[in-house]
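> Sharing data-v5.cif (mmCIF, C-alpha atoms and all ligand atoms) below.
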```cif
data_run
#
loop_
_atom_site.group_PDB
_atom_site.id
_atom_site.type_symbol
_atom_site.label_atom_id
_atom_site.label_comp_id
_atom_site.auth_asym_id
_atom_site.auth_seq_id
_atom_site.Cartn_x
_atom_site.Cartn_y
_atom_site.Cartn_z
ATOM 1 C CA MET A 951 0.000 0.000 0.000
ATOM 2 C CA ASN A 952 1.517 3.314 -0.949
ATOM 3 C CA ARG A 953 1.589 6.129 1.524
ATOM 4 C CA ASN A 954 -0.971 8.355 -0.178
ATOM 5 C CA TYR A 955 -3.526 5.541 -0.381
ATOM 6 C CA LYS A 956 -3.018 4.753 3.302
ATOM 7 C CA MET A 957 -3.539 8.376 4.322
ATOM 8 C CA ALA A 958 -6.715 8.582 2.291
ATOM 9 C CA THR A 959 -8.056 5.439 3.971
ATOM 10 C CA VAL A 960 -7.328 6.816 7.445
ATOM 11 C CA ALA A 961 -8.970 10.124 6.560
ATOM 12 C CA ALA A 962 -12.067 8.347 5.258
ATOM 13 C CA GLY A 963 -12.285 6.395 8.509
ATOM 14 C CA ILE A 964 -12.134 9.570 10.585
ATOM 15 C CA VAL A 965 -14.901 11.130 8.510
ATOM 16 C CA ALA A 966 -17.044 8.014 8.973
ATOM 17 C CA ILE A 967 -16.538 8.016 12.755
ATOM 18 C CA ALA A 968 -17.238 11.737 12.995
ATOM 19 C CA GLY A 969 -20.429 11.183 11.040
ATOM 20 C CA LEU A 970 -21.715 8.822 13.707
ATOM 21 C CA GLY A 971 -21.221 11.210 16.582
ATOM 22 C CA ILE A 972 -21.840 14.646 15.119
ATOM 23 C CA GLY A 973 -24.719 16.170 13.290
ATOM 24 C CA PRO A 974 -28.444 16.339 13.835
ATOM 25 C CA ALA A 975 -29.916 13.613 16.023
ATOM 26 C CA PHE A 976 -32.531 11.964 13.856
ATOM 27 C CA ALA A 977 -35.357 10.529 15.874
ATOM 28 C CA GLU A 978 -36.091 6.881 15.167
ATOM 29 C CA GLY A 979 -39.783 7.619 14.980
ATOM 30 C CA ASP A 980 -42.366 10.360 14.824
ATOM 31 C CA PHE A 981 -46.046 10.929 14.157
ATOM 32 C CA THR A 982 -48.342 13.880 13.595
ATOM 33 C CA THR A 983 -51.808 14.077 15.048
ATOM 34 C CA GLU A 984 -54.308 16.571 16.450
ATOM 35 C CA ILE A 985 -56.313 17.209 19.592
ATOM 36 C CA LYS A 986 -60.023 17.934 19.366
ATOM 37 C CA GLY A 987 -62.145 18.871 22.384
ATOM 38 C CA TRP A 988 -60.077 17.290 25.143
ATOM 39 C CA LEU A 989 -60.708 17.762 28.848
ATOM 40 C CA PRO A 990 -57.931 16.975 31.368
ATOM 41 C CA GLY A 991 -57.346 13.243 31.787
ATOM 42 C CA LYS A 992 -57.165 12.371 28.101
ATOM 43 C CA GLU A 993 -54.243 10.282 26.845
ATOM 44 C CA SER A 994 -52.391 10.578 23.584
ATOM 45 C CA ARG A 995 -51.691 7.696 21.256
ATOM 46 C CA HIS A 996 -49.021 5.376 22.679
ATOM 47 C CA TRP A 997 -45.667 4.883 20.955
ATOM 48 C CA ASN A 998 -42.823 2.392 21.252
ATOM 49 C CA ASP A 999 -39.391 3.942 21.773
ATOM 50 C CA LEU A 1000 -36.775 1.267 21.021
ATOM 51 C CA ASN A 1001 -33.999 3.618 22.162
ATOM 52 C CA THR A 1002 -31.964 2.921 19.037
ATOM 53 C CA ASP A 1003 -30.890 6.575 18.900
ATOM 54 C CA ASN A 1004 -29.935 9.457 21.178
ATOM 55 C CA ALA A 1005 -32.886 11.610 20.149
ATOM 56 C CA SER A 1006 -34.747 13.603 22.742
ATOM 57 C CA THR A 1007 -38.471 12.880 22.959
ATOM 58 C CA THR A 1008 -40.397 16.007 22.019
ATOM 59 C CA VAL A 1009 -44.085 16.952 21.798
ATOM 60 C CA LYS A 1010 -44.746 19.998 19.637
ATOM 61 C CA PHE A 1011 -48.081 21.826 19.773
ATOM 62 C CA SER A 1012 -49.154 24.432 17.248
ATOM 63 C CA GLY A 1013 -52.527 26.108 16.812
ATOM 64 C CA CYS A 1014 -53.868 25.839 20.381
ATOM 65 C CA LYS A 1015 -57.366 26.802 21.441
ATOM 66 C CA ALA A 1016 -59.511 26.428 24.571
ATOM 67 C CA GLU A 1017 -62.625 28.553 24.198
ATOM 68 C CA ASP A 1018 -64.959 29.669 26.965
ATOM 69 C CA SER A 1019 -68.735 29.644 26.471
ATOM 70 C CA GLY A 1020 -68.530 33.064 24.794
ATOM 71 C CA GLY A 1021 -66.026 31.810 22.233
ATOM 72 C CA THR A 1022 -62.987 33.597 23.685
ATOM 73 C CA ASN A 1023 -59.762 31.614 23.476
ATOM 74 C CA ARG A 1024 -58.518 31.133 27.060
ATOM 75 C CA PHE A 1025 -55.526 28.930 26.223
ATOM 76 C CA GLU A 1026 -52.383 29.832 28.143
ATOM 77 C CA TYR A 1027 -50.700 26.474 28.677
ATOM 78 C CA ALA A 1028 -51.477 22.783 28.815
ATOM 79 C CA ALA A 1029 -49.954 20.578 31.507
ATOM 80 C CA LEU A 1030 -48.510 17.401 29.988
ATOM 81 C CA GLN A 1031 -47.358 14.330 31.854
ATOM 82 C CA LEU A 1032 -45.074 11.994 29.948
ATOM 83 C CA LYS A 1033 -45.947 8.488 31.131
ATOM 84 C CA LYS A 1034 -44.391 5.081 30.551
ATOM 85 C CA GLU A 1035 -46.376 1.858 30.365
ATOM 86 C CA ARG A 1036 -45.665 -0.622 33.113
ATOM 87 C CA GLN A 1037 -47.126 -4.099 33.463
ATOM 88 C CA SER A 1038 -49.379 -4.729 36.475
ATOM 89 C CA PHE A 1039 -48.693 -1.349 38.076
ATOM 90 C CA PRO A 1040 -49.950 2.199 37.515
ATOM 91 C CA ASP A 1041 -47.956 3.888 34.766
ATOM 92 C CA PRO A 1042 -45.354 6.213 36.299
ATOM 93 C CA VAL A 1043 -45.000 9.854 35.298
ATOM 94 C CA VAL A 1044 -41.520 10.055 33.763
ATOM 95 C CA ASP A 1045 -41.540 13.807 33.253
ATOM 96 C CA ARG A 1046 -43.930 16.725 32.997
ATOM 97 C CA ASP A 1047 -44.067 20.076 31.262
ATOM 98 C CA ASN A 1048 -46.360 23.045 30.805
ATOM 99 C CA ASN A 1049 -46.742 23.404 27.047
ATOM 100 C CA HIS A 1050 -47.343 27.026 25.986
ATOM 101 C CA CYS A 1051 -48.239 25.999 22.459
ATOM 102 C CA ASN A 1052 -44.620 25.206 21.657
ATOM 103 C CA THR A 1053 -42.335 22.219 22.124
ATOM 104 C CA SER A 1054 -42.064 20.125 25.278
ATOM 105 C CA THR A 1055 -38.686 18.366 25.514
ATOM 106 C CA PHE A 1056 -38.349 15.258 27.638
ATOM 107 C CA GLY A 1057 -34.818 14.047 26.885
ATOM 108 C CA ASP A 1058 -33.401 10.763 25.586
ATOM 109 C CA LEU A 1059 -35.512 8.055 27.210
ATOM 110 C CA SER A 1060 -34.958 4.363 27.899
ATOM 111 C CA SER A 1061 -36.809 1.878 25.707
ATOM 112 C CA GLY A 1062 -40.486 1.259 26.302
ATOM 113 C CA TRP A 1063 -44.020 2.307 25.434
ATOM 114 C CA TYR A 1064 -44.837 5.938 26.170
ATOM 115 C CA TYR A 1065 -47.703 8.417 25.879
ATOM 116 C CA PHE A 1066 -48.587 11.806 27.247
ATOM 117 C CA ASN A 1067 -51.497 12.581 29.512
ATOM 118 C CA TYR A 1068 -53.172 15.973 29.224
ATOM 119 C CA SER A 1069 -53.538 16.772 32.928
ATOM 120 C CA GLY A 1070 -54.589 20.424 33.188
ATOM 121 C CA LEU A 1071 -55.208 23.778 31.522
ATOM 122 C CA ASN A 1072 -53.759 27.085 32.775
ATOM 123 C CA GLY A 1073 -52.906 25.496 36.125
ATOM 124 C CA THR A 1074 -56.213 23.755 36.881
ATOM 125 C CA ASP A 1075 -57.517 20.265 36.191
ATOM 126 C CA THR A 1076 -61.167 21.289 36.680
ATOM 127 C CA THR A 1077 -61.543 23.387 33.541
ATOM 128 C CA SER A 1078 -64.648 23.129 31.391
ATOM 129 C CA TYR A 1079 -62.848 24.562 28.359
ATOM 130 C CA HIS A 1080 -62.170 21.952 25.706
ATOM 131 C CA LEU A 1081 -58.650 21.897 24.320
ATOM 132 C CA SER A 1082 -57.995 21.744 20.600
ATOM 133 C CA VAL A 1083 -54.550 21.664 18.992
ATOM 134 C CA ASN A 1084 -54.362 21.799 15.207
ATOM 135 C CA THR A 1085 -51.042 19.991 14.924
ATOM 136 C CA VAL A 1086 -49.298 17.761 17.427
ATOM 137 C CA VAL A 1087 -45.928 16.352 16.381
ATOM 138 C CA VAL A 1088 -44.359 13.679 18.572
ATOM 139 C CA LYS A 1089 -40.749 12.669 17.938
ATOM 140 C CA TYR A 1090 -38.957 9.943 19.813
HETATM 141 CA CA CA B 1 -35.576 7.067 20.594
#
```
Show the structure stored in the file as structure tokens.
Ligand SMILES: [Ca+2]

Amino acid sequence: MNRNYKMATVAAGIVAIAGLGIGPAFAEGDFTTEIKGWLPGKESRHWNDLNTDNASTTVKFSGCKAEDSGGTNRFEYAALQLKKERQSFPDPVVDRDNNHCNTSTFGDLSSGWYYFNYSGLNGTDTTSYHLSVNTVVVKY
């Protein structure tokens, strides 16, 4: 092997290794859905995180509305609980966040089935305002 060829091979290897560790963290899975007329206590679709990546689990809300009886939008923030399925026991709350119609970030999670529970609006779980979110994007 001549010297130039060897150097090129080493350089290519470094580029390949760097490519594994640097750059955007692509989530192994994602889905887009919507929320229509939810009261606190409703659960999202469940998803299976195989933890084959280092991606942070995120829940992005856009187009949020919670109207009072007069039709005024009272949405300030939605309390979300990220929960993990567990056999034979109540599902534990892994993390929680108040979503102000933006992105809730829950970090890189261990493998398992997850979902979020909508647990309150504007700091109360006794609201009569129904929550609607035009677009909900979950990445995991
Ligand atoms: Ca993942």
> Any chance you could resolve the PyMOL selection byres (((not hetatm)) within 10 of (chain B and resi 1)) against this file and give the residues as a PyMOL selection string?
chain A and resi 975-980+998-1007+1057-1062+1089-1090
> Could you list the residues chosen by the PyMOL selection byres (((chain A and resi 1014) around 8) and not hetatm) in this structure as a list of chain:residue names?
A:Phe1011, A:Ser1012, A:Gly1013, A:Lys1015, A:Ala1016, A:Phe1025, A:Cys1051, A:Leu1081, A:Ser1082, A:Val1083, A:Asn1084
> Those residues you just picked out, can you put them in a file as a short mmCIF file (atom, residue, chain, number, x, y, z; two decimals), in the frame of the given file with C-alpha atoms?

```cif
data_model
loop_
_atom_site.label_atom_id
_atom_site.label_comp_id
_atom_site.auth_asym_id
_atom_site.auth_seq_id
_atom_site.Cartn_x
_atom_site.Cartn_y
_atom_site.Cartn_z
CA PHE A 1011 -48.08 21.83 19.77
CA SER A 1012 -49.15 24.43 17.25
CA GLY A 1013 -52.53 26.11 16.81
CA LYS A 1015 -57.37 26.80 21.44
CA ALA A 1016 -59.51 26.43 24.57
CA PHE A 1025 -55.53 28.93 26.22
CA CYS A 1051 -48.24 26.00 22.46
CA LEU A 1081 -58.65 21.90 24.32
CA SER A 1082 -58.00 21.74 20.60
CA VAL A 1083 -54.55 21.66 18.99
CA ASN A 1084 -54.36 21.80 15.21
#
```
> How far is it from atom CA of Thr1074 of chain A to atom CA of Gly987 of chain A, in Å with one decimal?
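Atom CA of Gly987 of chain A lies 16.4 Å from atom CA of Thr1074 of chain A.
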> With the PyMOL selection byres (((chain A and resi 1043) around 6) and not hetatm) as the selection, what would be picked from this file? Answer as a short mmCIF file (atom, residue, chain, number, x, y, z; two decimals) with C-alpha atoms, keeping the file's coordinate frame, please.

```
data_model
loop_
_atom_site.label_atom_id
_atom_site.label_comp_id
_atom_site.auth_asym_id
_atom_site.auth_seq_id
_atom_site.Cartn_x
_atom_site.Cartn_y
_atom_site.Cartn_z
CA LEU A 1032 -45.07 11.99 29.95
CA LYS A 1033 -45.95 8.49 31.13
CA PRO A 1042 -45.35 6.21 36.30
CA VAL A 1044 -41.52 10.06 33.76
CA ASP A 1045 -41.54 13.81 33.25
#
```
> Distance atom CA of Ala1029 of chain A-atom CA of Pro990 of chain A, one decimal place?
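Calculated distance between atom CA of Ala1029 of chain A and atom CA of Pro990 of chain A is 8.8 Å.
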> With a distance cut-off of 12 Å and all atoms listed in the file, select the neighbouring residues of Asn1052 of chain A, excluding the residue or stretch itself and same-chain residues fewer than 3 positions from it, and output the selection as a list of chain:residue names.
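Near Asn1052 of chain A, the qualifying residues are A:Thr1008, A:Val1009, A:Lys1010, A:Phe1011, A:Ser1012, A:Gly1013, A:Cys1014, A:Glu1026, A:Tyr1027, A:Ala1028, A:Asp1047, A:Asn1048, A:Asn1049, A:Thr1055, A:Val1083, A:Thr1085, A:Val1086, A:Val1087, A:Val1088.
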> Restricting the calculation to all atoms listed in the file: of A:Phe981, A:Trp997, A:Phe1066, A:Phe1056, which residue gets closest to Gln1031 of chain A?
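Counting all atoms listed in the file, the residue closest to Gln1031 of chain A is A:Phe1066.
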> Expressed in Å to a single decimal, how great is the separation between atom CA of Arg1024 of chain A and atom CA of Tyr1064 of chain A?
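Answer for the atom CA of Arg1024 of chain A to atom CA of Tyr1064 of chain A separation: 28.7 Å.
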> With 8 Å on each side, where is the centre of the axis-aligned box around all listed atoms of segment 1061-1065 of chain A, and how long are its edges in Å to one decimal, as lines of an AutoDock Vina configuration file?

```
center_x = -42.3
center_y = 4.8
center_z = 25.9
size_x = 26.9
size_y = 23.2
size_z = 16.9
```
> I need the residue nearest Thr1053 of chain A from this list: A:Ser1069, A:Thr1077, A:Arg1036, A:Leu1030. Use only C-alpha atoms for the distance.
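Selected residue with least distance to Thr1053 of chain A: A:Leu1030.
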> Out of A:Ser1019, A:Ser1054, A:Asn1067, A:Gln1037, which residue has the shortest atom-to-atom distance to His1080 of chain A when counting all atoms listed in the file?
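Nearest candidate to His1080 of chain A out of A:Ser1019, A:Ser1054, A:Asn1067, A:Gln1037: A:Ser1019.
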> Let me make sure I understand: among A:Thr983, A:Thr1022, A:Tyr1079, A:Gly1073, which one has the smallest atom-to-atom distance to Arg995 of chain A if we use all atoms listed in the file?
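Among the listed residues, the smallest separation from Arg995 of chain A belongs to A:Thr983.
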> Could segment 989-1008 of chain A be completed with N, CA and C atoms and returned as an mmCIF file, in the coordinates of the input?

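out_21.cif, written as the output of this step:
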```cif
data_model
loop_
_atom_site.group_PDB
_atom_site.id
_atom_site.type_symbol
_atom_site.label_atom_id
_atom_site.label_comp_id
_atom_site.auth_asym_id
_atom_site.auth_seq_id
_atom_site.Cartn_x
_atom_site.Cartn_y
_atom_site.Cartn_z
ATOM 1 N N LEU A 989 -60.719 17.287 27.474
ATOM 2 C CA LEU A 989 -60.708 17.762 28.848
ATOM 3 C C LEU A 989 -59.558 17.049 29.556
ATOM 4 N N PRO A 990 -59.045 17.619 30.669
ATOM 5 C CA PRO A 990 -57.931 16.975 31.368
ATOM 6 C C PRO A 990 -58.230 15.507 31.697
ATOM 7 N N GLY A 991 -57.210 14.671 31.548
ATOM 8 C CA GLY A 991 -57.346 13.243 31.787
ATOM 9 C C GLY A 991 -57.241 12.416 30.510
ATOM 10 N N LYS A 992 -57.264 13.101 29.370
ATOM 11 C CA LYS A 992 -57.165 12.371 28.101
ATOM 12 C C LYS A 992 -55.719 11.979 27.811
ATOM 13 N N GLU A 993 -55.564 10.797 27.219
ATOM 14 C CA GLU A 993 -54.243 10.282 26.845
ATOM 15 C C GLU A 993 -54.023 10.385 25.349
ATOM 16 N N SER A 994 -52.779 10.607 24.995
ATOM 17 C CA SER A 994 -52.391 10.578 23.584
ATOM 18 C C SER A 994 -52.294 9.131 23.109
ATOM 19 N N ARG A 995 -52.111 8.983 21.817
ATOM 20 C CA ARG A 995 -51.691 7.696 21.256
ATOM 21 C C ARG A 995 -50.404 7.229 21.962
ATOM 22 N N HIS A 996 -50.241 5.930 22.073
ATOM 23 C CA HIS A 996 -49.021 5.376 22.679
ATOM 24 C C HIS A 996 -47.992 5.070 21.582
ATOM 25 N N TRP A 997 -46.720 5.180 21.924
ATOM 26 C CA TRP A 997 -45.667 4.883 20.955
ATOM 27 C C TRP A 997 -44.572 4.054 21.609
ATOM 28 N N ASN A 998 -43.867 3.296 20.773
ATOM 29 C CA ASN A 998 -42.823 2.392 21.252
ATOM 30 C C ASN A 998 -41.452 2.965 20.919
ATOM 31 N N ASP A 999 -40.751 3.426 21.941
ATOM 32 C CA ASP A 999 -39.391 3.942 21.773
ATOM 33 C C ASP A 999 -38.420 2.776 21.996
ATOM 34 N N LEU A 1000 -37.720 2.385 20.928
ATOM 35 C CA LEU A 1000 -36.775 1.267 21.021
ATOM 36 C C LEU A 1000 -35.414 1.712 21.554
ATOM 37 N N ASN A 1001 -35.264 3.027 21.705
ATOM 38 C CA ASN A 1001 -33.999 3.618 22.162
ATOM 39 C C ASN A 1001 -32.830 3.177 21.292
ATOM 40 N N THR A 1002 -33.039 3.222 19.976
ATOM 41 C CA THR A 1002 -31.964 2.921 19.037
ATOM 42 C C THR A 1002 -31.235 4.188 18.613
ATOM 43 N N ASP A 1003 -31.542 5.309 19.243
ATOM 44 C CA ASP A 1003 -30.890 6.575 18.900
ATOM 45 C C ASP A 1003 -30.682 7.380 20.190
ATOM 46 N N ASN A 1004 -30.123 8.567 20.031
ATOM 47 C CA ASN A 1004 -29.935 9.457 21.178
ATOM 48 C C ASN A 1004 -30.899 10.631 21.121
ATOM 49 N N ALA A 1005 -31.964 10.493 20.349
ATOM 50 C CA ALA A 1005 -32.886 11.610 20.149
ATOM 51 C C ALA A 1005 -33.674 11.909 21.423
ATOM 52 N N SER A 1006 -33.894 13.180 21.642
ATOM 53 C CA SER A 1006 -34.747 13.603 22.742
ATOM 54 C C SER A 1006 -36.212 13.443 22.333
ATOM 55 N N THR A 1007 -37.032 12.970 23.231
ATOM 56 C CA THR A 1007 -38.471 12.880 22.959
ATOM 57 C C THR A 1007 -39.081 14.277 23.071
ATOM 58 N N THR A 1008 -39.789 14.681 22.022
ATOM 59 C CA THR A 1008 -40.397 16.007 22.019
ATOM 60 C C THR A 1008 -41.862 15.921 21.607
#
```
